[in-house]
Amino acid sequence: MKKEAPPLYLTAREAATELSVSPATLYAYVSRGYIRSEPGDGPRARRYRADDVRALKNRRTPVGSSRENDAELPVLDSAISTITSTGPLYRGVPAVSLAADATLEQAATLLWDVNGHDPFTADNLPVLSSAMRAVLQTTRTESPMARTVAVLALASDADPRAFNRSAEGRARIGARAMRLVTAAMLCKEPKAEPIHRQLAEAWAPGQSAAADLFRRALVLLADHELNASTYTVRCAASTDLNLYDSVIAGLTALKGPRHGGAGPLAAHMVASLAEGDIAGKIRMRVALGERIPGFGHTIYKDGDPRAEDLLAALMRAGGDRRLAVDAPALISEATGLHPNIDFALAVMMHSLGLPIGHEMPLFAVARVAGWIAHAVEQLHSGRLIRPRARYIGPAPGRSIRR
């Protein structure tokens, strides 16, 4: 049974009830900018943003009490995406629905709010300087992530249109950046061919199901609101950095084991489960208190819809039921945790016979679409992101210990 997405808007009565306040107090919150509202269905009716109401409810936690939800509080406005219990929405379009038949390029144009032109025309290929070609050649045996960062570091100097500020110009830079990242990850010449086909040709030649599985995974991973790497990109872009260098910031943040680096950890576990008694290995791991990579999510408490969609697609493509269905069911039963997109990617890569380590490059290729969207939105705002810290150090005037 599909989960219903929570409403994006609440009526005045619903919002006041959620906050346990009077209508007058609700209106005061609106006037202070804490809650956004807009005209409702009736002539005098208004509706209120549900995420603002939830954020304010969390923010009103008494001093000294637990603030476990602080990490989930909104920190800036964005029209690009949001997260619901049924998965992310890309400008109002459910990512899971979009993944049924869209390509990463189509998801990117939606995230970038492109209208009236196609940034992914065949002639809009990235510029490769002699230095960039030399880097590609000398880093063929290095990790795809390291190679891509090295190539991107030279990209803005090679591209005479790297600082174009028009909406169309930035979209075309974004398309070139996505194609350049794909080429660098694969260590090949940039192509105009759809990215999912490039990955299938390079990583899974001759496997009929590979291209569509890559296509679906790329769309599901294209954006996920303000995760760690995306916020890093926005901070970098807020300094008026170009789009190529902003993507470098995202790639660096993505490598952490609590973000994109979780994929290889899940892949090692999947490889272990694939050999022998799955139930016995799960019991042993749980009994020893070992971490279960690829399970649990800070936002999707009842399961990651992206993982559910990709695992279902794997089964339709003839995937290994023991890994796609039986293993997650046993782990969920033992731990109460549900599979997330990292586990689904690990199972997909194992099913396609790919060595461990391909998960992060796939994640990165997809997420560039979202990073570009957020970088452009941040550049358009013209605002520098400069948060303040809550100081918890020594009070002034204390003597220095010697």
# chains A, B, ... in the order shown; residues from 1 in each chain; ligands from 1

$ select_by_dssp --residues "segment 41-215 of chain A" --states "helix (DSSP H, G or I)" --output "ChimeraX atom specification"
/A:50-59,70-72,95-98,104-111,130-138,144-152,155-158,167-186,195-203,210-215

$ residues_around --residues "Val135 of chain A" --least-positions-apart "2" --cutoff "10 Å" --atoms "only C-alpha atoms" --output "CSV table (one decimal) with N, CA and C atoms, in the first residue's frame"
chain,number,residue,atom,x,y,z
A,129,SER,N,40.8,21.3,-22.4
A,129,SER,CA,42.1,21.9,-22.7
A,129,SER,C,43.1,20.8,-22.8
A,130,SER,N,44.3,21.2,-23.2
A,130,SER,CA,45.4,20.2,-23.3
A,130,SER,C,45.8,19.8,-21.9
A,131,ALA,N,45.7,20.7,-20.9
A,131,ALA,CA,46.0,20.3,-19.5
A,131,ALA,C,45.0,19.3,-19.0
A,132,MET,N,43.7,19.6,-19.3
A,132,MET,CA,42.7,18.7,-18.9
A,132,MET,C,42.8,17.3,-19.5
A,133,ARG,N,43.2,17.2,-20.7
A,133,ARG,CA,43.4,15.9,-21.4
A,133,ARG,C,44.6,15.2,-20.7
A,137,GLN,N,44.6,11.6,-18.8
A,137,GLN,CA,45.5,10.5,-19.2
A,137,GLN,C,46.4,10.0,-18.0
A,138,THR,N,46.9,10.9,-17.2
A,138,THR,CA,47.8,10.5,-16.2
A,138,THR,C,47.0,10.0,-14.9
A,139,THR,N,45.7,10.2,-14.9
A,139,THR,CA,45.0,9.7,-13.7
A,139,THR,C,44.1,8.5,-14.1
A,140,ARG,N,44.4,7.9,-15.1
A,140,ARG,CA,43.5,6.7,-15.6
A,140,ARG,C,43.4,5.7,-14.5
A,147,ARG,N,40.0,11.8,-9.9
A,147,ARG,CA,40.2,12.2,-11.3
A,147,ARG,C,39.2,13.4,-11.7
A,148,THR,N,38.0,13.2,-11.3
A,148,THR,CA,37.0,14.2,-11.7
A,148,THR,C,37.2,15.6,-11.0
A,150,ALA,N,40.1,16.7,-10.1
A,150,ALA,CA,41.3,17.3,-10.8
A,150,ALA,C,41.0,17.9,-12.1
A,151,VAL,N,40.1,17.2,-12.9
A,151,VAL,CA,39.7,17.8,-14.2
A,151,VAL,C,38.8,19.0,-14.1
A,154,LEU,N,40.3,22.6,-13.6
A,154,LEU,CA,40.8,23.3,-14.7
A,154,LEU,C,39.7,23.8,-15.7
A,184,ALA,N,34.7,12.4,-17.1
A,184,ALA,CA,35.9,12.2,-16.2
A,184,ALA,C,35.7,10.9,-15.3

$ atom_distance --atom1 "atom CA of Met349 of chain A" --atom2 "atom CA of Pro94 of chain A"
24.3 Å

$ closest_residue --among "A:Gly263, A:Pro160, A:Gly116, A:Gly303" --to "Gly336 of chain A" --atoms "only C-alpha atoms"
A:Gly303

$ closest_atom_pairs --of "segment 96-159 of chain A" --to "segment 373-380 of chain A" --cutoff "12 Å" --atoms "only C-alpha atoms" --output "Markdown table"
| residue | atom | partner | partner_atom | distance |
| --- | --- | --- | --- | --- |
| A:Ala107 | CA | A:Ala373 | CA | 10.7 |
| A:Ala108 | CA | A:Ala373 | CA | 7.8 |
| A:Thr109 | CA | A:Ala373 | CA | 9.0 |
| A:Leu110 | CA | A:Ala373 | CA | 9.3 |
| A:Leu111 | CA | A:Ala373 | CA | 5.9 |
| A:Trp112 | CA | A:Ala373 | CA | 5.0 |
| A:Asp113 | CA | A:Ala373 | CA | 8.4 |
| A:Val114 | CA | A:Ala373 | CA | 10.3 |

$ residues_around --residues "segment 192-203 of chain A" --least-positions-apart "6" --cutoff "9 Å" --atoms "only C-alpha atoms" --output "PDB file with N, CA and C atoms, in the first residue's frame"
ATOM      1  N   THR A 103      14.704  10.750 -18.191  1.00  0.00           N
ATOM      2  CA  THR A 103      16.159  10.629 -18.162  1.00  0.00           C
ATOM      3  C   THR A 103      16.722  11.627 -17.145  1.00  0.00           C
ATOM      4  N   LEU A 104      17.993  11.475 -16.805  1.00  0.00           N
ATOM      5  CA  LEU A 104      18.632  12.422 -15.898  1.00  0.00           C
ATOM      6  C   LEU A 104      18.618  13.820 -16.510  1.00  0.00           C
ATOM      7  N   GLU A 105      18.831  13.904 -17.817  1.00  0.00           N
ATOM      8  CA  GLU A 105      18.818  15.206 -18.479  1.00  0.00           C
ATOM      9  C   GLU A 105      17.452  15.887 -18.339  1.00  0.00           C
ATOM     10  N   PHE A 120      20.815  20.631 -23.372  1.00  0.00           N
ATOM     11  CA  PHE A 120      21.530  19.401 -23.704  1.00  0.00           C
ATOM     12  C   PHE A 120      21.551  19.136 -25.214  1.00  0.00           C
ATOM     13  N   THR A 121      21.723  20.176 -26.007  1.00  0.00           N
ATOM     14  CA  THR A 121      21.859  19.983 -27.442  1.00  0.00           C
ATOM     15  C   THR A 121      23.173  19.263 -27.736  1.00  0.00           C
ATOM     16  N   ALA A 122      23.229  18.613 -28.890  1.00  0.00           N
ATOM     17  CA  ALA A 122      24.395  17.790 -29.225  1.00  0.00           C
ATOM     18  C   ALA A 122      25.685  18.602 -29.313  1.00  0.00           C
ATOM     19  N   ASP A 123      25.571  19.895 -29.632  1.00  0.00           N
ATOM     20  CA  ASP A 123      26.782  20.701 -29.803  1.00  0.00           C
ATOM     21  C   ASP A 123      27.272  21.327 -28.495  1.00  0.00           C
ATOM     22  N   ASN A 124      26.521  21.159 -27.401  1.00  0.00           N
ATOM     23  CA  ASN A 124      26.912  21.794 -26.138  1.00  0.00           C
ATOM     24  C   ASN A 124      27.768  20.839 -25.314  1.00  0.00           C
ATOM     25  N   LEU A 125      28.960  20.594 -25.814  1.00  0.00           N
ATOM     26  CA  LEU A 125      29.895  19.692 -25.149  1.00  0.00           C
ATOM     27  C   LEU A 125      30.934  20.482 -24.354  1.00  0.00           C
ATOM     28  N   MET A 178      27.693  18.541 -16.304  1.00  0.00           N
ATOM     29  CA  MET A 178      27.224  17.167 -16.138  1.00  0.00           C
ATOM     30  C   MET A 178      27.926  16.229 -17.111  1.00  0.00           C
ATOM     31  N   ARG A 179      28.088  16.659 -18.342  1.00  0.00           N
ATOM     32  CA  ARG A 179      28.757  15.823 -19.342  1.00  0.00           C
ATOM     33  C   ARG A 179      30.238  15.674 -19.033  1.00  0.00           C
ATOM     34  N   THR A 182      30.592  13.184 -16.124  1.00  0.00           N
ATOM     35  CA  THR A 182      30.386  11.816 -16.628  1.00  0.00           C
ATOM     36  C   THR A 182      31.622  11.315 -17.354  1.00  0.00           C
ATOM     37  N   ALA A 183      32.164  12.159 -18.233  1.00  0.00           N
ATOM     38  CA  ALA A 183      33.355  11.764 -18.995  1.00  0.00           C
ATOM     39  C   ALA A 183      34.542  11.497 -18.081  1.00  0.00           C
ATOM     40  N   LEU A 186      34.168   8.236 -16.144  1.00  0.00           N
ATOM     41  CA  LEU A 186      34.384   7.076 -17.006  1.00  0.00           C
ATOM     42  C   LEU A 186      35.744   7.098 -17.676  1.00  0.00           C
ATOM     43  N   ALA A 210      20.529  -3.012 -18.011  1.00  0.00           N
ATOM     44  CA  ALA A 210      21.406  -2.054 -17.333  1.00  0.00           C
ATOM     45  C   ALA A 210      21.024  -0.604 -17.604  1.00  0.00           C
ATOM     46  N   ALA A 211      20.803  -0.242 -18.854  1.00  0.00           N
ATOM     47  CA  ALA A 211      20.553   1.163 -19.197  1.00  0.00           C
ATOM     48  C   ALA A 211      19.336   1.706 -18.462  1.00  0.00           C
ATOM     49  N   ASP A 212      18.256   0.928 -18.432  1.00  0.00           N
ATOM     50  CA  ASP A 212      17.040   1.430 -17.778  1.00  0.00           C
ATOM     51  C   ASP A 212      17.215   1.494 -16.268  1.00  0.00           C
ATOM     52  N   LEU A 213      17.958   0.549 -15.687  1.00  0.00           N
ATOM     53  CA  LEU A 213      18.210   0.607 -14.251  1.00  0.00           C
ATOM     54  C   LEU A 213      19.062   1.821 -13.895  1.00  0.00           C
ATOM     55  N   PHE A 214      20.083   2.095 -14.696  1.00  0.00           N
ATOM     56  CA  PHE A 214      20.896   3.293 -14.467  1.00  0.00           C
ATOM     57  C   PHE A 214      20.036   4.546 -14.608  1.00  0.00           C
ATOM     58  N   ARG A 215      19.197   4.581 -15.632  1.00  0.00           N
ATOM     59  CA  ARG A 215      18.332   5.751 -15.856  1.00  0.00           C
ATOM     60  C   ARG A 215      17.461   6.017 -14.631  1.00  0.00           C
ATOM     61  N   ARG A 216      16.834   4.978 -14.133  1.00  0.00           N
ATOM     62  CA  ARG A 216      15.953   5.134 -12.976  1.00  0.00           C
ATOM     63  C   ARG A 216      16.734   5.601 -11.752  1.00  0.00           C
ATOM     64  N   LEU A 218      19.570   7.216 -11.573  1.00  0.00           N
ATOM     65  CA  LEU A 218      20.058   8.586 -11.745  1.00  0.00           C
ATOM     66  C   LEU A 218      18.973   9.604 -11.426  1.00  0.00           C
ATOM     67  N   LEU A 352      24.408  -6.289 -11.425  1.00  0.00           N
ATOM     68  CA  LEU A 352      25.002  -6.032 -12.736  1.00  0.00           C
ATOM     69  C   LEU A 352      26.450  -6.522 -12.816  1.00  0.00           C
ATOM     70  N   LEU A 354      29.106  -5.428 -11.116  1.00  0.00           N
ATOM     71  CA  LEU A 354      30.096  -4.365 -11.053  1.00  0.00           C
ATOM     72  C   LEU A 354      30.920  -4.459  -9.766  1.00  0.00           C
ATOM     73  N   HIS A 358      31.789   1.434  -7.499  1.00  0.00           N
ATOM     74  CA  HIS A 358      31.083   2.171  -8.549  1.00  0.00           C
ATOM     75  C   HIS A 358      29.896   2.962  -8.000  1.00  0.00           C
ATOM     76  N   LEU A 362      28.397   6.834  -9.471  1.00  0.00           N
ATOM     77  CA  LEU A 362      27.019   6.910  -9.972  1.00  0.00           C
ATOM     78  C   LEU A 362      26.242   7.966  -9.202  1.00  0.00           C
ATOM     79  N   VAL A 365      27.456  11.482 -10.332  1.00  0.00           N
ATOM     80  CA  VAL A 365      26.988  11.853 -11.667  1.00  0.00           C
ATOM     81  C   VAL A 365      25.540  12.336 -11.598  1.00  0.00           C
TER      82      VAL A 365
END

$ closest_residue --among "A:Ile282, A:Leu152, A:Ala146, A:Met360" --to "Gly261 of chain A" --atoms "only C-alpha atoms"
A:Met360

$ residues_around --residues "Ala313 of chain A" --least-positions-apart "4" --cutoff "10 Å" --atoms "only C-alpha atoms" --output "MDAnalysis selection string"
chainID A and resid 100 209 212:213 216:217 307:309 317:319 324 348

$ atom_distance --atom1 "atom CA of Thr11 of chain A" --atom2 "atom CA of Ile299 of chain A"
24.3 Å

$ select_by_dssp --residues "segment 75-161 of chain A" --states "strand (DSSP E or B)" --output "count of residues only"
10

$ residues_around --residues "segment 165-169 of chain A" --least-positions-apart "4" --cutoff "8 Å" --atoms "only C-alpha atoms" --output "VMD selection string"
chain A and resid 114 117 119 161 173

$ write_last_selection --atoms "N, CA and C atoms" --output "PDB file, in the first residue's frame"
ATOM      1  N   VAL A 114      14.106  25.079 -16.581  1.00  0.00           N
ATOM      2  CA  VAL A 114      14.421  25.504 -17.944  1.00  0.00           C
ATOM      3  C   VAL A 114      13.166  25.473 -18.807  1.00  0.00           C
ATOM      4  N   HIS A 117      14.135  26.304 -24.170  1.00  0.00           N
ATOM      5  CA  HIS A 117      15.375  25.911 -24.836  1.00  0.00           C
ATOM      6  C   HIS A 117      15.893  24.629 -24.200  1.00  0.00           C
ATOM      7  N   PRO A 119      19.227  22.801 -22.956  1.00  0.00           N
ATOM      8  CA  PRO A 119      20.663  22.969 -22.693  1.00  0.00           C
ATOM      9  C   PRO A 119      21.488  21.755 -23.099  1.00  0.00           C
ATOM     10  N   ARG A 161      32.853  30.437 -21.614  1.00  0.00           N
ATOM     11  CA  ARG A 161      31.486  30.819 -21.219  1.00  0.00           C
ATOM     12  C   ARG A 161      31.194  30.417 -19.773  1.00  0.00           C
ATOM     13  N   ILE A 173      25.912  25.884 -19.116  1.00  0.00           N
ATOM     14  CA  ILE A 173      27.103  25.532 -18.327  1.00  0.00           C
ATOM     15  C   ILE A 173      26.812  24.275 -17.521  1.00  0.00           C
TER      16      ILE A 173
END

$ residues_around --residues "Val286 of chain A" --least-positions-apart "2" --cutoff "12 Å" --atoms "only C-alpha atoms" --output "JSON list (two decimals) with N, CA and C atoms, in the first residue's frame"
[["chain", "number", "residue", "atom", "x", "y", "z"],
["A", 279, "ALA", "N", 20.34, -15.37, 6.21],
["A", 279, "ALA", "CA", 19.72, -15.24, 7.53],
["A", 279, "ALA", "C", 20.75, -15.39, 8.64],
["A", 280, "GLY", "N", 21.65, -16.36, 8.51],
["A", 280, "GLY", "CA", 22.66, -16.58, 9.53],
["A", 280, "GLY", "C", 23.62, -15.40, 9.64],
["A", 281, "LYS", "N", 24.02, -14.85, 8.51],
["A", 281, "LYS", "CA", 24.95, -13.72, 8.52],
["A", 281, "LYS", "C", 24.30, -12.48, 9.13],
["A", 282, "ILE", "N", 23.01, -12.29, 8.85],
["A", 282, "ILE", "CA", 22.31, -11.15, 9.43],
["A", 282, "ILE", "C", 22.19, -11.31, 10.94],
["A", 283, "ARG", "N", 21.85, -12.53, 11.39],
["A", 283, "ARG", "CA", 21.75, -12.77, 12.83],
["A", 283, "ARG", "C", 23.07, -12.49, 13.52],
["A", 284, "MET", "N", 24.16, -12.95, 12.93],
["A", 284, "MET", "CA", 25.50, -12.75, 13.50],
["A", 284, "MET", "C", 25.84, -11.26, 13.57],
["A", 288, "LEU", "N", 26.28, -9.19, 17.13],
["A", 288, "LEU", "CA", 27.56, -8.56, 17.48],
["A", 288, "LEU", "C", 27.45, -7.05, 17.59],
["A", 289, "GLY", "N", 26.27, -6.52, 17.29],
["A", 289, "GLY", "CA", 26.07, -5.08, 17.38],
["A", 289, "GLY", "C", 26.73, -4.31, 16.26],
["A", 290, "GLU", "N", 27.01, -4.99, 15.14],
["A", 290, "GLU", "CA", 27.65, -4.32, 14.02],
["A", 290, "GLU", "C", 26.65, -3.39, 13.32],
["A", 291, "ARG", "N", 27.18, -2.34, 12.76],
["A", 291, "ARG", "CA", 26.36, -1.39, 12.01],
["A", 291, "ARG", "C", 25.82, -2.08, 10.76],
["A", 292, "ILE", "N", 24.59, -1.73, 10.37],
["A", 292, "ILE", "CA", 23.98, -2.26, 9.15],
["A", 292, "ILE", "C", 23.97, -1.15, 8.10],
["A", 293, "PRO", "N", 25.01, -1.03, 7.28],
["A", 293, "PRO", "CA", 25.06, 0.06, 6.30],
["A", 293, "PRO", "C", 23.95, -0.08, 5.26],
["A", 330, "LEU", "N", 14.52, -9.43, 6.32],
["A", 330, "LEU", "CA", 15.12, -10.01, 7.52],
["A", 330, "LEU", "C", 15.80, -8.94, 8.38],
["A", 331, "ILE", "N", 16.48, -8.01, 7.74],
["A", 331, "ILE", "CA", 17.17, -6.95, 8.48],
["A", 331, "ILE", "C", 16.15, -6.03, 9.15],
["A", 332, "SER", "N", 15.09, -5.70, 8.44],
["A", 332, "SER", "CA", 14.05, -4.83, 9.02],
["A", 332, "SER", "C", 13.39, -5.51, 10.22],
["A", 333, "GLU", "N", 13.17, -6.82, 10.09],
["A", 333, "GLU", "CA", 12.56, -7.56, 11.19],
["A", 333, "GLU", "C", 13.47, -7.58, 12.41],
["A", 334, "ALA", "N", 14.77, -7.70, 12.18],
["A", 334, "ALA", "CA", 15.72, -7.81, 13.28],
["A", 334, "ALA", "C", 16.06, -6.47, 13.92],
["A", 335, "THR", "N", 16.03, -5.40, 13.13],
["A", 335, "THR", "CA", 16.51, -4.11, 13.63],
["A", 335, "THR", "C", 15.44, -3.02, 13.71],
["A", 336, "GLY", "N", 14.35, -3.18, 12.95],
["A", 336, "GLY", "CA", 13.36, -2.13, 12.87],
["A", 336, "GLY", "C", 13.74, -1.05, 11.87],
["A", 337, "LEU", "N", 14.87, -1.22, 11.19],
["A", 337, "LEU", "CA", 15.32, -0.25, 10.19],
["A", 337, "LEU", "C", 14.91, -0.70, 8.80]]
